[in-house]
Amino acid sequence: MPLIRQGQSNSPKVLEGVLGIGDFLMPNGLVAKGCYQFLAVGCDNLWVHWAANRGGLLGFLPGSETPPGTDWLKPGVPRDGYPMVMKEGRYAPDGSVWERTIYLHSLVVAIGRPAMRLDQPICGTFAFKGKSCEIGQNFFRSRLKAVEAVIDGRRVRNMTLALFEMSSELVHGRSQYAWMAPKPIQVAVFGEPGGPSIELAWVAKTLRDSFKQGRAWASEPLPAIAAPTEAPKIPASEGGTPKPDIRSGPDAWKAVPPPIPPNEYDGDDGGPRSLDEVDFG
């Protein structure tokens, strides 16, 4: 999975000086200072299984299921049959941990602010995990599922028709602990000033088709995309996702809608028309 990594104060790459706090490291090693712009390809809602003591990846489980044989543990609170833990989360008796994660797959087309357009777009995946998982869920529901644009006089709903920006926002948690939360916002949709070109939307749609069919979407060769006549602009009023409400514990999800069903991640239901029906000519 070609991950896009966000710089935190304790990130190894930040400590090595590769990128700064709040910057983003692309899969090809390119550093996006402060933010990057992208078209969405799709999302995965998963439980990620990690070995005990910060060990390696063990596997995945759909986010709509609860990992069997696990329980929600808090630091310093003993539980029969389970090890003591340093971090709150869902654990198995062997000490392995299951982490709820929203994977946002995207086509990165520009980096920095003002936006520097990339001659060759980059395929990358951003992981909303831990404290940022709810941000990913809200972004999917309130933004990705609601993208609409007018093509040839007809209203079309598809996430690949919008240009988004990902930046960082300083958030304070418990005991004044501060971290950089991801902040995705919508820049513009196709047909609006600063929105994606039909060529970019077509490339993103092709990648989305591969993603929905279970193929290795990020491995497909990407064409060079001509720069638009007008550089993308960030609206003065940013209609971003709400500020994150940091929660923890097994009941944290009860205050928000239930996990997004897997079938909602695989399509663009709810729209008056599918992009699959549009003839790009």
# chains A, B, ... in the order shown; residues from 1 in each chain; ligands from 1
>>> select_by_dssp(residues="region 27-255 of chain A", states="strand (DSSP E)", output="MDAnalysis selection string")
chainID A and resid 31:32 35:50 57:62 71:73 89:91 97:111 116:129 148:151 154:157 162:172 178:189
>>> residues_around(residues="Gln37 (chain A)", least_positions_apart="5", cutoff="12 Å", atoms="only C-alpha atoms", output="ChimeraX atom specification")
/A:24,26,32,106-118,121-124,162-167,183-188,194-196,231-234
>>> write_last_selection(atoms="N, CA, C and O atoms", output="compact mmCIF listing (two decimals), in the first residue's frame")
# COMPACT_ATOMS: atom_id res chain seq x y z
N PHE A 24 3.75 16.30 4.74
CA PHE A 24 3.33 14.98 4.28
C PHE A 24 4.41 14.38 3.37
O PHE A 24 4.92 15.05 2.48
N MET A 26 5.22 11.76 0.55
CA MET A 26 4.59 10.97 -0.49
C MET A 26 5.28 9.61 -0.63
O MET A 26 6.42 9.43 -0.21
N ALA A 32 5.50 17.10 0.76
CA ALA A 32 4.51 18.16 0.56
C ALA A 32 4.52 19.04 1.80
O ALA A 32 4.13 18.61 2.88
N SER A 106 -6.05 7.94 -3.03
CA SER A 106 -6.18 9.20 -3.76
C SER A 106 -5.15 9.34 -4.88
O SER A 106 -4.15 8.63 -4.93
N LEU A 107 -5.46 10.29 -5.76
CA LEU A 107 -4.57 10.68 -6.84
C LEU A 107 -4.07 12.09 -6.51
O LEU A 107 -4.81 13.07 -6.60
N VAL A 108 -2.81 12.20 -6.09
CA VAL A 108 -2.23 13.48 -5.68
C VAL A 108 -1.80 14.25 -6.92
O VAL A 108 -1.04 13.74 -7.75
N VAL A 109 -2.28 15.50 -7.05
CA VAL A 109 -2.01 16.28 -8.26
C VAL A 109 -1.24 17.57 -7.99
O VAL A 109 -0.74 18.20 -8.93
N ALA A 110 -1.12 17.99 -6.73
CA ALA A 110 -0.39 19.22 -6.41
C ALA A 110 0.06 19.15 -4.96
O ALA A 110 -0.54 18.46 -4.13
N ILE A 111 1.13 19.88 -4.63
CA ILE A 111 1.65 19.91 -3.26
C ILE A 111 1.94 21.35 -2.85
O ILE A 111 2.19 22.21 -3.69
N GLY A 112 1.91 21.59 -1.54
CA GLY A 112 2.27 22.89 -1.00
C GLY A 112 1.19 23.94 -1.20
O GLY A 112 0.16 23.72 -1.80
N ARG A 113 1.47 25.14 -0.61
CA ARG A 113 0.58 26.28 -0.76
C ARG A 113 1.42 27.53 -0.93
O ARG A 113 2.20 27.85 -0.03
N PRO A 114 1.35 28.26 -2.05
CA PRO A 114 0.42 27.99 -3.16
C PRO A 114 0.70 26.66 -3.83
O PRO A 114 1.84 26.17 -3.80
N ALA A 115 -0.33 26.07 -4.40
CA ALA A 115 -0.24 24.72 -4.95
C ALA A 115 0.75 24.66 -6.11
O ALA A 115 0.68 25.46 -7.04
N MET A 116 1.67 23.70 -6.03
CA MET A 116 2.59 23.43 -7.13
C MET A 116 2.11 22.18 -7.85
O MET A 116 2.11 21.08 -7.31
N ARG A 117 1.65 22.39 -9.08
CA ARG A 117 1.07 21.30 -9.86
C ARG A 117 2.14 20.26 -10.21
O ARG A 117 3.26 20.61 -10.59
N LEU A 118 1.79 18.98 -10.08
CA LEU A 118 2.71 17.90 -10.44
C LEU A 118 2.51 17.52 -11.91
O LEU A 118 1.37 17.33 -12.35
N PRO A 121 1.02 12.88 -11.74
CA PRO A 121 0.30 12.64 -10.49
C PRO A 121 0.86 11.44 -9.74
O PRO A 121 1.53 10.58 -10.31
N ILE A 122 0.56 11.38 -8.44
CA ILE A 122 1.07 10.32 -7.56
C ILE A 122 -0.10 9.58 -6.94
O ILE A 122 -1.05 10.20 -6.44
N CYS A 123 -0.07 8.27 -6.98
CA CYS A 123 -1.06 7.46 -6.27
C CYS A 123 -0.61 7.30 -4.83
O CYS A 123 0.54 6.94 -4.57
N GLY A 124 -1.49 7.56 -3.89
CA GLY A 124 -1.13 7.42 -2.48
C GLY A 124 -2.33 7.16 -1.61
O GLY A 124 -3.47 7.48 -1.97
N ALA A 162 -14.29 15.99 -7.75
CA ALA A 162 -13.92 17.10 -6.87
C ALA A 162 -12.42 17.10 -6.60
O ALA A 162 -11.78 16.05 -6.58
N LEU A 163 -11.89 18.28 -6.40
CA LEU A 163 -10.51 18.45 -5.96
C LEU A 163 -10.53 18.74 -4.47
O LEU A 163 -11.28 19.62 -4.01
N PHE A 164 -9.73 18.02 -3.71
CA PHE A 164 -9.66 18.18 -2.26
C PHE A 164 -8.26 18.61 -1.85
O PHE A 164 -7.29 18.45 -2.60
N GLU A 165 -8.18 19.13 -0.63
CA GLU A 165 -6.87 19.47 -0.05
C GLU A 165 -6.75 18.79 1.31
O GLU A 165 -7.71 18.76 2.10
N MET A 166 -5.57 18.24 1.59
CA MET A 166 -5.26 17.67 2.90
C MET A 166 -4.17 18.51 3.55
O MET A 166 -3.10 18.71 2.97
N SER A 167 -4.49 19.03 4.74
CA SER A 167 -3.50 19.79 5.51
C SER A 167 -3.50 19.27 6.94
O SER A 167 -4.13 18.24 7.24
N LYS A 183 -6.61 17.40 8.16
CA LYS A 183 -7.73 18.29 7.90
C LYS A 183 -8.04 18.29 6.39
O LYS A 183 -7.48 19.07 5.63
N PRO A 184 -8.93 17.40 5.95
CA PRO A 184 -9.32 17.39 4.53
C PRO A 184 -10.46 18.36 4.26
O PRO A 184 -11.43 18.41 5.03
N ILE A 185 -10.35 19.12 3.19
CA ILE A 185 -11.42 20.03 2.79
C ILE A 185 -11.63 19.91 1.28
O ILE A 185 -10.74 19.46 0.55
N GLN A 186 -12.78 20.32 0.83
CA GLN A 186 -13.07 20.35 -0.60
C GLN A 186 -12.66 21.70 -1.17
O GLN A 186 -13.02 22.75 -0.62
N VAL A 187 -11.92 21.70 -2.28
CA VAL A 187 -11.49 22.93 -2.94
C VAL A 187 -12.54 23.37 -3.95
O VAL A 187 -13.06 24.49 -3.88
N ALA A 188 -12.87 22.52 -4.90
CA ALA A 188 -13.85 22.85 -5.93
C ALA A 188 -14.21 21.58 -6.68
O ALA A 188 -13.46 20.60 -6.66
N GLY A 194 -10.94 26.47 -10.36
CA GLY A 194 -10.05 25.69 -9.51
C GLY A 194 -10.42 24.23 -9.40
O GLY A 194 -9.72 23.47 -8.74
N GLY A 195 -11.51 23.82 -10.03
CA GLY A 195 -11.90 22.42 -9.99
C GLY A 195 -11.06 21.56 -10.91
O GLY A 195 -10.29 22.08 -11.74
N PRO A 196 -11.17 20.24 -10.80
CA PRO A 196 -10.36 19.35 -11.64
C PRO A 196 -10.81 19.40 -13.10
O PRO A 196 -11.98 19.66 -13.39
N ALA A 231 -4.71 28.30 -11.94
CA ALA A 231 -4.22 27.51 -10.82
C ALA A 231 -5.33 27.31 -9.80
O ALA A 231 -6.15 28.20 -9.59
N PRO A 232 -5.38 26.12 -9.16
CA PRO A 232 -6.41 25.87 -8.15
C PRO A 232 -6.31 26.88 -7.01
O PRO A 232 -5.22 27.28 -6.62
N LYS A 233 -7.45 27.34 -6.51
CA LYS A 233 -7.48 28.29 -5.42
C LYS A 233 -8.29 27.73 -4.26
O LYS A 233 -9.27 27.03 -4.46
N ILE A 234 -7.86 28.06 -3.06
CA ILE A 234 -8.59 27.64 -1.87
C ILE A 234 -9.65 28.69 -1.56
O ILE A 234 -9.35 29.89 -1.50
>>> residues_around(residues="Asp71 (chain A)", least_positions_apart="5", cutoff="10 Å", atoms="only C-alpha atoms", output="number ranges by chain")
A: 66, 79, 82, 89-93, 97-98, 250
>>> write_last_selection(atoms="N, CA and C atoms", output="PDB file, in the first residue's frame")
ATOM      1  N   THR A  66     -16.582  -6.965  14.486  1.00  0.00           N
ATOM      2  CA  THR A  66     -15.785  -6.795  15.696  1.00  0.00           C
ATOM      3  C   THR A  66     -14.788  -7.938  15.783  1.00  0.00           C
ATOM      4  N   ARG A  79      -7.159  -6.968  33.511  1.00  0.00           N
ATOM      5  CA  ARG A  79      -8.271  -7.766  33.008  1.00  0.00           C
ATOM      6  C   ARG A  79      -7.808  -9.216  32.946  1.00  0.00           C
ATOM      7  N   TYR A  82      -5.714 -11.098  30.088  1.00  0.00           N
ATOM      8  CA  TYR A  82      -5.142 -10.118  29.163  1.00  0.00           C
ATOM      9  C   TYR A  82      -3.887  -9.490  29.783  1.00  0.00           C
ATOM     10  N   GLY A  89      -7.119   0.580  23.841  1.00  0.00           N
ATOM     11  CA  GLY A  89      -7.457   0.029  22.544  1.00  0.00           C
ATOM     12  C   GLY A  89      -8.079  -1.353  22.655  1.00  0.00           C
ATOM     13  N   ARG A  90      -8.289  -1.983  21.504  1.00  0.00           N
ATOM     14  CA  ARG A  90      -8.885  -3.321  21.439  1.00  0.00           C
ATOM     15  C   ARG A  90      -7.776  -4.355  21.319  1.00  0.00           C
ATOM     16  N   TYR A  91      -7.664  -5.229  22.316  1.00  0.00           N
ATOM     17  CA  TYR A  91      -6.569  -6.192  22.397  1.00  0.00           C
ATOM     18  C   TYR A  91      -7.068  -7.631  22.407  1.00  0.00           C
ATOM     19  N   ALA A  92      -6.195  -8.521  21.954  1.00  0.00           N
ATOM     20  CA  ALA A  92      -6.402  -9.961  22.095  1.00  0.00           C
ATOM     21  C   ALA A  92      -5.596 -10.431  23.304  1.00  0.00           C
ATOM     22  N   PRO A  93      -5.894 -11.620  23.860  1.00  0.00           N
ATOM     23  CA  PRO A  93      -5.163 -12.108  25.028  1.00  0.00           C
ATOM     24  C   PRO A  93      -3.657 -12.222  24.817  1.00  0.00           C
ATOM     25  N   VAL A  97      -2.938  -6.054  19.036  1.00  0.00           N
ATOM     26  CA  VAL A  97      -3.927  -4.980  19.080  1.00  0.00           C
ATOM     27  C   VAL A  97      -4.591  -4.814  17.719  1.00  0.00           C
ATOM     28  N   TRP A  98      -5.892  -4.495  17.753  1.00  0.00           N
ATOM     29  CA  TRP A  98      -6.659  -4.223  16.535  1.00  0.00           C
ATOM     30  C   TRP A  98      -6.932  -2.721  16.485  1.00  0.00           C
ATOM     31  N   PRO A 250     -14.498   2.005  24.503  1.00  0.00           N
ATOM     32  CA  PRO A 250     -15.384   1.190  23.664  1.00  0.00           C
ATOM     33  C   PRO A 250     -16.690   1.879  23.310  1.00  0.00           C
TER      34      PRO A 250
END
>>> residues_around(residues="Leu161 (chain A)", least_positions_apart="2", cutoff="7 Å", atoms="only C-alpha atoms", output="PyMOL selection string")
chain A and resi 147+149+158-159+189-190+196+201
>>> residues_around(residues="Cys133 (chain A)", least_positions_apart="6", cutoff="8 Å", atoms="only C-alpha atoms", output="PyMOL selection string")
chain A and resi 100-102
>>> write_last_selection(atoms="C-alpha atoms", output="PDB file, in the first residue's frame")
ATOM      1  CA  ARG A 100      -9.678   0.850  13.487  1.00  0.00           C
ATOM      2  CA  THR A 101      -8.461   2.567  10.284  1.00  0.00           C
ATOM      3  CA  ILE A 102     -10.023   4.426   7.352  1.00  0.00           C
TER       4      ILE A 102
END
>>> closest_residue(among="A:Thr70, A:Val203, A:Gly95, A:Lys87", to="Ala51 (chain A)", atoms="only C-alpha atoms")
A:Gly95
>>> atom_distance(atom1="CA of Ser64 (chain A)", atom2="CA of Pro2 (chain A)")
23.8 Å
>>> select_by_dssp(residues="region 86-209 of chain A", states="helix (DSSP H, G or I)", output="count of residues only")
34
>>> decode(residues="region 101-231 of chain A", atoms="C-alpha atoms", output="mmCIF file, in the first residue's frame")
data_model
loop_
_atom_site.group_PDB
_atom_site.id
_atom_site.type_symbol
_atom_site.label_atom_id
_atom_site.label_comp_id
_atom_site.auth_asym_id
_atom_site.auth_seq_id
_atom_site.Cartn_x
_atom_site.Cartn_y
_atom_site.Cartn_z
ATOM 1 C CA THR A 101 -8.461 2.567 10.284
ATOM 2 C CA ILE A 102 -10.023 4.426 7.352
ATOM 3 C CA TYR A 103 -7.752 4.201 4.291
ATOM 4 C CA LEU A 104 -8.304 7.064 1.829
ATOM 5 C CA HIS A 105 -6.932 6.177 -1.623
ATOM 6 C CA SER A 106 -6.179 9.200 -3.758
ATOM 7 C CA LEU A 107 -4.567 10.682 -6.839
ATOM 8 C CA VAL A 108 -2.231 13.477 -5.678
ATOM 9 C CA VAL A 109 -2.013 16.282 -8.263
ATOM 10 C CA ALA A 110 -0.393 19.217 -6.406
ATOM 11 C CA ILE A 111 1.649 19.909 -3.262
ATOM 12 C CA GLY A 112 2.268 22.895 -0.995
ATOM 13 C CA ARG A 113 0.576 26.280 -0.761
ATOM 14 C CA PRO A 114 0.422 27.995 -3.157
ATOM 15 C CA ALA A 115 -0.240 24.723 -4.946
ATOM 16 C CA MET A 116 2.594 23.429 -7.129
ATOM 17 C CA ARG A 117 1.071 21.295 -9.855
ATOM 18 C CA LEU A 118 2.710 17.904 -10.439
ATOM 19 C CA ASP A 119 3.501 16.985 -14.047
ATOM 20 C CA GLN A 120 3.062 13.343 -13.049
ATOM 21 C CA PRO A 121 0.298 12.639 -10.488
ATOM 22 C CA ILE A 122 1.068 10.325 -7.559
ATOM 23 C CA CYS A 123 -1.063 7.463 -6.273
ATOM 24 C CA GLY A 124 -1.125 7.423 -2.484
ATOM 25 C CA THR A 125 -3.130 6.228 0.507
ATOM 26 C CA PHE A 126 -3.658 8.218 3.705
ATOM 27 C CA ALA A 127 -4.540 6.271 6.867
ATOM 28 C CA PHE A 128 -6.986 7.847 9.322
ATOM 29 C CA LYS A 129 -6.230 5.816 12.424
ATOM 30 C CA GLY A 130 -6.343 6.140 16.174
ATOM 31 C CA LYS A 131 -7.592 9.584 17.165
ATOM 32 C CA SER A 132 -8.070 10.607 13.511
ATOM 33 C CA CYS A 133 -10.283 7.669 12.509
ATOM 34 C CA GLU A 134 -13.472 9.620 13.197
ATOM 35 C CA ILE A 135 -12.196 12.461 10.989
ATOM 36 C CA GLY A 136 -11.899 9.975 8.129
ATOM 37 C CA GLN A 137 -15.406 8.650 8.692
ATOM 38 C CA ASN A 138 -16.915 12.139 8.791
ATOM 39 C CA PHE A 139 -15.011 13.183 5.663
ATOM 40 C CA PHE A 140 -16.309 10.182 3.748
ATOM 41 C CA ARG A 141 -19.932 10.771 4.762
ATOM 42 C CA SER A 142 -20.090 14.564 4.537
ATOM 43 C CA ARG A 143 -17.788 15.185 1.562
ATOM 44 C CA LEU A 144 -16.869 12.195 -0.609
ATOM 45 C CA LYS A 145 -20.402 10.772 -0.767
ATOM 46 C CA ALA A 146 -21.861 14.199 -1.541
ATOM 47 C CA VAL A 147 -19.727 15.309 -4.516
ATOM 48 C CA GLU A 148 -21.902 16.515 -7.382
ATOM 49 C CA ALA A 149 -21.109 18.318 -10.639
ATOM 50 C CA VAL A 150 -22.957 19.249 -13.814
ATOM 51 C CA ILE A 151 -21.733 17.542 -17.007
ATOM 52 C CA ASP A 152 -23.467 18.305 -20.319
ATOM 53 C CA GLY A 153 -26.370 19.815 -18.430
ATOM 54 C CA ARG A 154 -26.893 16.774 -16.216
ATOM 55 C CA ARG A 155 -26.120 16.510 -12.522
ATOM 56 C CA VAL A 156 -23.627 13.732 -11.749
ATOM 57 C CA ARG A 157 -22.575 12.374 -8.345
ATOM 58 C CA ASN A 158 -19.109 10.824 -8.047
ATOM 59 C CA MET A 159 -16.208 11.489 -5.663
ATOM 60 C CA THR A 160 -13.718 11.730 -8.563
ATOM 61 C CA LEU A 161 -15.311 14.993 -9.749
ATOM 62 C CA ALA A 162 -13.919 17.098 -6.869
ATOM 63 C CA LEU A 163 -10.511 18.446 -5.965
ATOM 64 C CA PHE A 164 -9.659 18.182 -2.260
ATOM 65 C CA GLU A 165 -6.872 19.465 -0.049
ATOM 66 C CA MET A 166 -5.264 17.666 2.899
ATOM 67 C CA SER A 167 -3.505 19.786 5.509
ATOM 68 C CA SER A 168 -2.684 19.540 9.225
ATOM 69 C CA GLU A 169 -4.322 21.123 12.251
ATOM 70 C CA LEU A 170 -2.902 21.312 15.773
ATOM 71 C CA VAL A 171 -5.213 19.595 18.260
ATOM 72 C CA HIS A 172 -4.850 19.285 22.027
ATOM 73 C CA GLY A 173 -5.854 16.012 23.646
ATOM 74 C CA ARG A 174 -5.795 14.847 27.223
ATOM 75 C CA SER A 175 -3.174 16.260 29.614
ATOM 76 C CA GLN A 176 -2.314 18.992 27.087
ATOM 77 C CA TYR A 177 -0.983 16.398 24.670
ATOM 78 C CA ALA A 178 -0.827 18.042 21.237
ATOM 79 C CA TRP A 179 -0.797 16.336 17.854
ATOM 80 C CA MET A 180 -1.344 17.236 14.205
ATOM 81 C CA ALA A 181 -4.776 16.134 13.063
ATOM 82 C CA PRO A 182 -5.423 15.641 9.330
ATOM 83 C CA LYS A 183 -7.729 18.288 7.895
ATOM 84 C CA PRO A 184 -9.315 17.387 4.535
ATOM 85 C CA ILE A 185 -11.419 20.026 2.787
ATOM 86 C CA GLN A 186 -13.070 20.353 -0.603
ATOM 87 C CA VAL A 187 -11.486 22.930 -2.940
ATOM 88 C CA ALA A 188 -13.853 22.849 -5.925
ATOM 89 C CA VAL A 189 -15.766 20.473 -8.192
ATOM 90 C CA PHE A 190 -15.556 20.007 -11.940
ATOM 91 C CA GLY A 191 -16.919 23.081 -13.708
ATOM 92 C CA GLU A 192 -16.032 25.485 -10.883
ATOM 93 C CA PRO A 193 -12.936 27.759 -10.832
ATOM 94 C CA GLY A 194 -10.054 25.694 -9.509
ATOM 95 C CA GLY A 195 -11.904 22.417 -9.990
ATOM 96 C CA PRO A 196 -10.356 19.354 -11.645
ATOM 97 C CA SER A 197 -10.204 19.095 -15.421
ATOM 98 C CA ILE A 198 -12.190 16.411 -17.211
ATOM 99 C CA GLU A 199 -8.836 14.706 -17.994
ATOM 100 C CA LEU A 200 -7.982 14.474 -14.288
ATOM 101 C CA ALA A 201 -11.474 13.236 -13.423
ATOM 102 C CA TRP A 202 -11.184 10.580 -16.116
ATOM 103 C CA VAL A 203 -7.832 9.327 -14.769
ATOM 104 C CA ALA A 204 -9.233 9.215 -11.219
ATOM 105 C CA LYS A 205 -12.338 7.388 -12.440
ATOM 106 C CA THR A 206 -10.184 4.787 -14.217
ATOM 107 C CA LEU A 207 -8.246 4.197 -10.985
ATOM 108 C CA ARG A 208 -11.508 3.998 -9.047
ATOM 109 C CA ASP A 209 -12.834 1.366 -11.428
ATOM 110 C CA SER A 210 -9.705 -0.733 -10.748
ATOM 111 C CA PHE A 211 -10.100 -0.204 -7.001
ATOM 112 C CA LYS A 212 -13.760 -1.264 -7.029
ATOM 113 C CA GLN A 213 -12.869 -4.402 -9.010
ATOM 114 C CA GLY A 214 -10.187 -5.383 -6.488
ATOM 115 C CA ARG A 215 -7.267 -4.767 -8.840
ATOM 116 C CA ALA A 216 -3.949 -3.131 -7.904
ATOM 117 C CA TRP A 217 -5.128 0.372 -8.791
ATOM 118 C CA ALA A 218 -1.959 2.163 -7.617
ATOM 119 C CA SER A 219 0.327 0.100 -9.876
ATOM 120 C CA GLU A 220 -1.199 1.259 -13.142
ATOM 121 C CA PRO A 221 0.918 3.732 -15.175
ATOM 122 C CA LEU A 222 -0.339 7.294 -14.937
ATOM 123 C CA PRO A 223 -0.347 9.729 -17.845
ATOM 124 C CA ALA A 224 1.105 13.229 -17.613
ATOM 125 C CA ILE A 225 -1.717 15.729 -17.119
ATOM 126 C CA ALA A 226 -1.562 19.171 -18.699
ATOM 127 C CA ALA A 227 -1.681 22.042 -16.213
ATOM 128 C CA PRO A 228 -4.988 23.931 -16.064
ATOM 129 C CA THR A 229 -5.196 27.462 -17.423
ATOM 130 C CA GLU A 230 -6.050 28.689 -13.922
ATOM 131 C CA ALA A 231 -4.220 27.506 -10.821
#
